[in-house]
Every structure is written in C-alpha cells, then in structure tokens.
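Below: work_31.pdb (PDB, C-alpha atoms)
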ATOM      1  CA  ASP P1464    -148.552  -6.680  -7.009
ATOM      2  CA  PHE P1465    -147.319 -10.100  -8.136
ATOM      3  CA  TYR P1466    -148.815 -13.054  -9.964
ATOM      4  CA  THR P1467    -149.554 -16.402  -8.402
ATOM      5  CA  GLU P1468    -152.161 -18.941  -9.425
ATOM      6  CA  SER P1469    -152.488 -20.074  -5.828
ATOM      7  CA  THR P1470    -155.533 -19.153  -3.793
ATOM      8  CA  ASP P1471    -153.918 -20.259  -0.551
ATOM      9  CA  ILE P1472    -152.073 -18.127   1.976
ATOM     10  CA  VAL P1473    -148.590 -17.422   0.616
ATOM     11  CA  GLU P1474    -145.628 -15.995   2.474
ATOM     12  CA  PHE P1475    -143.582 -13.378   0.668
ATOM     13  CA  GLU P1476    -140.461 -11.264   1.057
ATOM     14  CA  LEU P1477    -139.496  -8.202  -0.970
ATOM     15  CA  TRP P1478    -135.895  -7.007  -0.914
ATOM     16  CA  SER P1479    -134.372  -3.977  -2.611
ATOM     17  CA  ARG P1480    -131.005  -2.314  -3.176
ATOM     18  CA  LEU P1481    -129.589   0.609  -5.134
ATOM     19  CA  GLY P1482    -127.841  -0.430  -8.325
ATOM     20  CA  SER P1483    -127.950  -3.700 -10.247
ATOM     21  CA  PHE P1484    -128.566  -7.111  -8.717
ATOM     22  CA  LYS P1485    -126.001  -8.822 -10.946
ATOM     23  CA  ASP P1486    -123.119  -8.690  -8.479
ATOM     24  CA  ALA P1487    -125.266  -9.054  -5.357
ATOM     25  CA  LYS P1488    -126.927 -12.426  -5.873
ATOM     26  CA  GLY P1489    -126.892 -14.875  -3.001
ATOM     27  CA  ASN P1490    -125.736 -12.232  -0.522
ATOM     28  CA  TYR P1491    -128.117 -10.135   1.541
ATOM     29  CA  GLU P1492    -125.453  -7.536   2.302
ATOM     30  CA  GLY P1493    -126.557  -4.276   0.747
ATOM     31  CA  TRP P1494    -130.169  -5.437   0.413
ATOM     32  CA  ASP P1495    -133.002  -3.978   2.478
ATOM     33  CA  LEU P1496    -136.087  -5.967   3.411
ATOM     34  CA  ILE P1497    -138.890  -3.561   2.491
ATOM     35  CA  ALA P1498    -141.912  -5.896   2.773
ATOM     36  CA  SER P1499    -142.681  -9.292   4.238
ATOM     37  CA  GLY P1500    -145.684 -11.209   5.472
ATOM     38  CA  THR P1501    -148.509 -13.384   4.274
ATOM     39  CA  VAL P1502    -151.338 -12.681   1.856
ATOM     40  CA  GLU P1503    -154.065 -14.732   0.259
ATOM     41  CA  GLY P1504    -153.336 -15.462  -3.378
ATOM     42  CA  ARG P1505    -156.011 -14.263  -5.814
ATOM     43  CA  GLY P1506    -155.486 -17.087  -8.247
ATOM     44  CA  PHE P1507    -155.522 -17.433 -11.997
ATOM     45  CA  GLY P1508    -155.676 -14.259 -14.112
ATOM     46  CA  ARG P1509    -155.458 -11.777 -11.224
ATOM     47  CA  TYR P1510    -152.584 -10.062  -9.484
ATOM     48  CA  THR P1511    -152.095 -10.436  -5.739
ATOM     49  CA  ALA P1512    -151.410  -7.156  -3.981
ATOM     50  CA  ILE P1513    -148.954  -6.471  -1.188
ATOM     51  CA  PRO P1514    -150.908  -4.335   1.312
ATOM     52  CA  GLU P1515    -149.584  -0.792   1.495
ATOM     53  CA  ASP P1516    -149.243  -0.903   5.279
ATOM     54  CA  MET P1517    -146.816  -3.853   4.924
ATOM     55  CA  PHE P1518    -144.581  -1.987   2.503
ATOM     56  CA  THR P1519    -141.729   0.422   3.226
ATOM     57  CA  GLN P1520    -141.465   3.043   0.493
ATOM     58  CA  VAL P1521    -138.120   3.460  -1.255
ATOM     59  CA  SER P1522    -136.867   6.008  -3.751
ATOM     60  CA  ILE P1523    -135.416   5.576  -7.240
ATOM     61  CA  PRO P1524    -133.049   8.506  -7.825
ATOM     62  CA  GLY P1525    -132.970   8.011 -11.595
ATOM     63  CA  GLY P1526    -130.292   8.764 -14.109
ATOM     64  CA  GLY P1527    -128.934   5.215 -14.455
ATOM     65  CA  GLY P1528    -125.819   3.701 -12.985
ATOM     66  CA  GLU P1529    -125.322   2.168  -9.575
ATOM     67  CA  ARG P1530    -126.786   5.173  -7.775
ATOM     68  CA  GLY P1531    -129.579   5.875 -10.224
ATOM     69  CA  THR P1532    -131.242   2.469 -10.530
ATOM     70  CA  ARG P1533    -132.836   0.146  -8.011
ATOM     71  CA  ALA P1534    -133.083  -3.641  -7.959
ATOM     72  CA  PHE P1535    -135.941  -5.623  -6.413
ATOM     73  CA  TYR P1536    -135.985  -9.267  -5.356
ATOM     74  CA  LEU P1537    -139.446 -10.705  -4.731
ATOM     75  CA  THR P1538    -139.622 -14.252  -3.421
ATOM     76  CA  LEU P1539    -142.179 -16.620  -1.946
ATOM     77  CA  THR P1540    -141.355 -19.385   0.500
ATOM     78  CA  THR P1541    -143.168 -21.768  -1.836
ATOM     79  CA  ILE P1542    -142.898 -22.388  -5.597
ATOM     80  CA  ASP P1543    -146.059 -20.429  -6.368
ATOM     81  CA  LEU P1544    -144.581 -17.270  -7.919
ATOM     82  CA  VAL P1545    -145.228 -17.081 -11.672
ATOM     83  CA  TYR P1546    -143.013 -15.132 -14.080
ATOM     84  CA  LYS P1547    -142.386 -15.056 -17.821
ATOM     85  CA  LYS P1548    -139.441 -16.074 -19.971
ATOM     86  CA  GLY P1549    -137.539 -13.063 -21.280
ATOM     87  CA  SER P1550    -136.441 -12.355 -24.800
ATOM     88  CA  GLY P1551    -133.021 -10.737 -24.277
ATOM     89  CA  ALA P1552    -129.628 -12.385 -24.559
ATOM     90  CA  ASP P1553    -128.977 -11.956 -20.835
ATOM     91  CA  SER P1554    -130.667 -10.529 -17.752
ATOM     92  CA  ASP P1555    -130.553  -6.821 -16.972
ATOM     93  CA  GLN P1556    -130.017  -5.894 -20.633
ATOM     94  CA  LEU P1557    -133.413  -5.591 -22.293
ATOM     95  CA  VAL P1558    -136.129  -3.185 -21.187
ATOM     96  CA  GLN P1559    -139.265  -5.175 -20.425
ATOM     97  CA  ALA P1560    -141.589  -2.214 -19.974
ATOM     98  CA  LYS P1561    -141.271   1.543 -19.761
ATOM     99  CA  ASN P1562    -143.132   4.810 -19.514
ATOM    100  CA  PRO P1563    -141.943   8.436 -19.308
ATOM    101  CA  ASP P1564    -140.915   7.879 -15.668
ATOM    102  CA  LEU P1565    -139.577   4.313 -15.398
ATOM    103  CA  GLU P1566    -137.776   1.593 -17.315
ATOM    104  CA  VAL P1567    -138.157  -1.977 -16.064
ATOM    105  CA  TYR P1568    -135.438  -4.381 -17.194
ATOM    106  CA  GLU P1569    -135.638  -8.137 -17.510
ATOM    107  CA  GLY P1570    -134.253  -9.937 -14.493
ATOM    108  CA  GLU P1571    -133.745 -13.499 -13.325
ATOM    109  CA  GLY P1572    -135.842 -16.226 -11.762
ATOM    110  CA  VAL P1573    -134.587 -17.833  -8.549
ATOM    111  CA  LEU P1574    -135.588 -21.468  -8.089
ATOM    112  CA  PHE P1575    -134.739 -21.818  -4.423
ATOM    113  CA  TYR P1576    -135.564 -20.025  -1.175
ATOM    114  CA  PRO P1577    -134.197 -17.898   0.336
ATOM    115  CA  PHE P1578    -131.191 -16.787  -1.749
ATOM    116  CA  PRO P1579    -128.914 -19.546  -3.120
ATOM    117  CA  ASP P1580    -125.230 -19.135  -3.718
ATOM    118  CA  PRO P1581    -124.660 -17.804  -7.245
ATOM    119  CA  SER P1582    -122.099 -20.558  -7.809
ATOM    120  CA  ASP P1583    -125.101 -22.881  -7.953
ATOM    121  CA  ALA P1584    -126.028 -21.545 -11.376
ATOM    122  CA  TYR P1585    -128.788 -24.094 -11.731
ATOM    123  CA  TYR P1586    -130.950 -22.105  -9.314
ATOM    124  CA  TYR P1587    -130.804 -18.944 -11.423
ATOM    125  CA  ARG P1588    -132.660 -18.698 -14.730
ATOM    126  CA  GLY P1589    -132.491 -15.673 -16.975
ATOM    127  CA  PRO P1590    -133.590 -13.589 -18.512
ATOM    128  CA  ARG P1591    -137.027 -13.598 -16.918
ATOM    129  CA  GLN P1592    -139.803 -11.001 -16.871
ATOM    130  CA  PHE P1593    -141.741  -9.904 -13.831
ATOM    131  CA  LEU P1594    -145.493 -10.451 -13.968
ATOM    132  CA  GLY P1595    -147.264  -7.941 -11.778
ATOM    133  CA  ALA P1596    -147.866  -4.257 -11.221
ATOM    134  CA  ILE P1597    -145.556  -1.544  -9.905
ATOM    135  CA  HIS P1598    -147.111   1.320  -7.968
ATOM    136  CA  TYR P1599    -145.143   4.527  -7.597
ATOM    137  CA  ASP P1600    -145.612   8.168  -6.724
ATOM    138  CA  ARG P1601    -143.816  10.868  -8.704
ATOM    139  CA  LEU P1602    -144.233  13.365  -5.841
ATOM    140  CA  PRO P1603    -144.192  11.316  -2.625
ATOM    141  CA  CYS P1604    -143.458  14.272  -0.359
ATOM    142  CA  LYS P1605    -146.455  16.560  -0.227
ATOM    143  CA  PRO P1606    -146.936  19.464  -0.306
ATOM    144  CA  TYR P1607    -144.199  19.405  -2.941
ATOM    145  CA  SER P1608    -143.693  23.165  -2.898
ATOM    146  CA  ALA P1609    -142.656  22.967   0.746
ATOM    147  CA  PHE P1610    -139.712  20.651   0.027
ATOM    148  CA  GLY P1611    -138.398  21.364  -3.497
ATOM    149  CA  ASP P1612    -136.579  18.527  -5.287
ATOM    150  CA  ILE P1613    -136.687  15.348  -3.206
ATOM    151  CA  MET P1614    -134.272  12.697  -4.504
ATOM    152  CA  GLU P1615    -134.697  10.043  -1.832
ATOM    153  CA  LEU P1616    -136.985   8.959   0.969
ATOM    154  CA  PRO P1617    -137.941   9.372   3.755
ATOM    155  CA  CYS P1618    -139.572  12.738   3.310
ATOM    156  CA  PRO P1619    -138.261  15.505   5.559
ATOM    157  CA  ASP P1620    -140.428  16.662   8.397
ATOM    158  CA  LEU P1621    -143.030  19.135   7.312
ATOM    159  CA  PRO P1622    -141.961  22.592   8.502
ATOM    160  CA  THR P1623    -144.285  24.358  10.835
ATOM    161  CA  GLY P1624    -145.821  27.683   9.883
ATOM    162  CA  SER P1625    -143.976  30.955  10.326
ATOM    163  CA  PRO P1626    -143.390  31.706  13.985
ATOM    164  CA  THR P1627    -145.915  34.088  15.400
ATOM    165  CA  LYS P1628    -145.474  36.585  18.171
ATOM    166  CA  PRO P1629    -148.037  36.584  20.907
ATOM    167  CA  PRO P1630    -150.489  39.425  20.498
ATOM    168  CA  PRO P1631    -149.478  42.503  22.505
ATOM    169  CA  THR P1632    -151.331  43.189  25.686
ATOM    170  CA  ALA P1633    -153.700  46.115  25.738
ATOM    171  CA  SER P1634    -152.192  49.488  26.601
ATOM    172  CA  PRO P1635    -152.295  50.032  30.371
ATOM    173  CA  SER P1636    -155.161  52.195  31.367
ATOM    174  CA  THR P1637    -155.803  54.328  34.464
ATOM    175  CA  LYS P1638    -158.891  53.442  36.303
ATOM    176  CA  LEU P1639    -161.690  55.869  35.760
ATOM    177  CA  PRO P1640    -161.773  58.499  38.524
ATOM    178  CA  THR P1641    -164.500  58.177  41.070
ATOM    179  CA  LEU P1642    -167.188  60.793  41.217
ATOM    180  CA  ALA P1643    -166.562  63.888  43.340
ATOM    181  CA  PRO P1644    -167.260  63.065  46.977
ATOM    182  CA  VAL P1645    -170.687  64.061  48.110
ATOM    183  CA  THR P1646    -171.241  65.362  51.622
ATOM    184  CA  GLU P1647    -174.353  64.017  53.182
ATOM    185  CA  ALA P1648    -177.072  66.545  53.768
ATOM    186  CA  PRO P1649    -177.208  67.863  57.376
ATOM    187  CA  THR P1650    -179.720  66.224  59.599
ATOM    188  CA  THR P1651    -181.094  69.586  60.744
ATOM    189  CA  ARG P1652    -182.931  71.691  58.307
ATOM    190  CA  SER P1653    -181.327  74.831  57.004
ATOM    191  CA  PRO P1654    -182.492  77.962  58.971
ATOM    192  CA  ILE P1655    -184.801  80.358  57.272
ATOM    193  CA  SER P1656    -183.468  83.876  57.109
ATOM    194  CA  GLY P1657    -184.986  86.112  59.769
ATOM    195  CA  GLN P1658    -186.466  83.254  61.779
ATOM    196  CA  THR P1659    -185.310  81.173  64.624
ATOM    197  CA  GLU P1660    -186.267  77.570  64.422
ATOM    198  CA  ALA P1661    -188.776  76.546  67.003
ATOM    199  CA  PRO P1662    -187.293  74.396  69.708
ATOM    200  CA  VAL P1663    -187.938  70.748  69.269
ATOM    201  CA  SER P1664    -188.944  70.383  72.968
ATOM    202  CA  PRO P1665    -190.623  73.675  74.061
ATOM    203  CA  THR P1666    -190.546  74.577  77.712
ATOM    204  CA  MET P1667    -193.802  74.460  79.681
ATOM    205  CA  MET P1668    -195.957  77.566  79.796
ATOM    206  CA  PRO P1669    -195.219  79.708  82.896
ATOM    207  CA  THR P1670    -197.873  79.511  85.630
ATOM    208  CA  GLY P1671    -199.283  82.546  87.502
ATOM    209  CA  SER P1672    -198.364  83.345  91.083
TER     210      SER P1672
END

Write-out of the structure in structure tokens:
Amino acid sequence: DFYTESTDIVEFELWSRLGSFKDAKGNYEGWDLIASGTVEGRGFGRYTAIPEDMFTQVSIPGGGGERGTRAFYLTLTTIDLVYKKGSGADSDQLVQAKNPDLEVYEGEGVLFYPFPDPSDAYYYRGPRQFLGAIHYDRLPCKPYSAFGDIMELPCPDLPTGSPTKPPPTASPSTKLPTLAPVTEAPTTRSPISGQTEAPVSPTMMPTGS
C-alpha cells in the first residue's frame, strides 16, 4: 500500500532487486518489475492498496548483505506519491521501522519518471521515508511441513501423495459345479411285478363261427 492524496486514477510501477539500491539507480538492469497498472487513489489520510492479483510475490532471504536484503522502487507516472523526510545522515543507513521479522531502511525520493540518470543528482532526494504498508507472509509455501525451509520464491510444486498400487484382483475362482444330471422319467410307467401291462390298443373280441 502507498500514500497519495489523489482520488483520481493513478498509474504505478513497482520494481525490486536483491541487495541495495544505492549502486543501481537510473539503471533497470538487475531490477524486476513485480507490479504495474492503475488504481484509484483513496485520498487524504488513507493508504491506496495495490491489488494482490497485480502483484508478483518476491522473497527476502534475510541475513543482510547483497543477497540478504531487497530493495523496492515504487513510482507513479504523476507527481502524486507522498513520502516523508528522513532523519538519517544519508539514505540506506537508518532503520525507519522494524519488527522481529523485518527492518525497513530509509531510502530516497525520485523526482522524475521513470528512472533518471544518477548523475542528475537534483532528481534524487534523501533520505526519505516510505509512507504505506508492507504485507508479507512468513510461511508463503503451505503446507510448510511438506517443503521444509524455503529461502526464495516461487514455491516448489506440491508433491503428490505416496504412490498407491492398484488393489489386487480377486483370487480366481472355479465356477460352481452344475448339479448332477437328471435323467428324465420314462414315458411308460414302470411295470408292476407279476403283472403284464394291459395293451394300450386291445384287439377286438373273437367272434363265434
């Protein structure tokens, strides 16, 4: 978030690089453009936010030095950015604000867009203090336990779960045997012991002579 007293649409750019800005003024080499676009200024007494979806996250490794610190250069295309005069002897020497995680040093104000040659010292005023809010995440890569110590972004791809074997097929089984074959009952009735079955078509009774 930054401070502007304008309530009009303002165009912004946010650049960043590892290390100090002192030897990188007026030269975009080594700087990364991490946010740009237009927003509506919120006016007097309120910070104007840079939408999260317009911002590329960057990491601050920590520990100081050229590889442990990170510089930011926020500029508008108009003269609507408001900052505060610093109290140190020079820029990048006095801590402006700090907490257990971060230390923010005084920087410089740039009076011209986009990035004037540092030989034109008139365009650089320091030390100056940033007026705004800095949003950061101490554990940007979640779930943290899956990654361990992450020193820089982007986050690694989230590992998939443990590989699983397809469930085994059921043990082969032999089809159930069919029932014992059944012989159909004979069409003729079983004979009765001691009797002869009457003929189905008896012969005619004999006639007398």

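In terms of minimum interatomic distance to Ala1596 in chain P, P:Ala1560 ranks closest within P:Leu1539, P:Ala1560, P:Ala1552, P:Ala1498, counting only C-alpha atoms.
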
For this structure, which residues satisfy the selection - the PyMOL selection byres ((chain P and resi 1493) around 10) - when it is evaluated on the file as given? I want them as a list in words.
Trp1478, Ser1479, Arg1480, Leu1481, Gly1482, Ala1487, Asn1490, Tyr1491, Glu1492, Trp1494 and Asp1495 of chain P

Result set, the PyMOL selection byres ((chain P and resi 1590) around 6) on current file, as a PyMOL selection string
chain P and resi 1549+1553-1554+1569-1571+1589+1591

Can you give me, as a PyMOL selection string, the residues this file yields under the PyMOL selection byres ((chain P and resi 1475) around 8)?
chain P and resi 1473-1474+1476-1477+1498-1502+1537-1540

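The space separating CA of Lys1485 in chain P from CA of Asp1555 in chain P comes to 7.8 Å.
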
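Take CA of Ala1584 in chain P and CA of Phe1484 in chain P: the distance between them is 14.9 Å.
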
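Residue nearest Gly1551 in chain P within the list P:Tyr1568, P:Thr1532, P:Ile1472, P:Pro1603: P:Tyr1568 [criterion: smallest interatomic distance, all atoms listed in the file].
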
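Of the listed residues P:Asn1562, P:Gln1592, P:Gln1556, P:Thr1541, the one whose atoms come nearest to Pro1577 in chain P is P:Thr1541, with distances taken using only C-alpha atoms.
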
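Shortest separation to Gly1526 in chain P among P:Ile1497, P:Phe1465, P:Gln1559, P:Leu1565 occurs at residue P:Leu1565, atoms counted being all atoms listed in the file.
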
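Computed from the coordinates, the CA of Ile1523 in chain P to CA of Asp1620 in chain P distance equals 19.8 Å.
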
I'd like a table as a Markdown table: residues in range 1569-1606 of chain P with an atom no more than 12 Å from range 1512-1516 of chain P, each row giving the shortest atom pair and its distance in Å to one decimal, only C-alpha atoms counted, sorted by chain and rising residue number.
| residue | atom | partner | partner_atom | distance |
| --- | --- | --- | --- | --- |
| P:Gly1595 | CA | P:Ala1512 | CA | 8.9 |
| P:Ala1596 | CA | P:Ala1512 | CA | 8.6 |
| P:Ile1597 | CA | P:Ala1512 | CA | 10.0 |
| P:His1598 | CA | P:Glu1515 | CA | 10.0 |
| P:Tyr1599 | CA | P:Glu1515 | CA | 11.4 |

Which protein, DNA or RNA residues have an atom at most 10 Å from (-151.0, -19.7, -6.5), counting all atoms listed in the file? List them as a PyMOL selection string.
chain P and resi 1466-1473+1503-1507+1511+1541-1545

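Checking P:Cys1618, P:Asp1600, P:Gly1572, P:Arg1509 one by one against Tyr1587 in chain P, counting all atoms listed in the file, you find the shortest gap at P:Gly1572.
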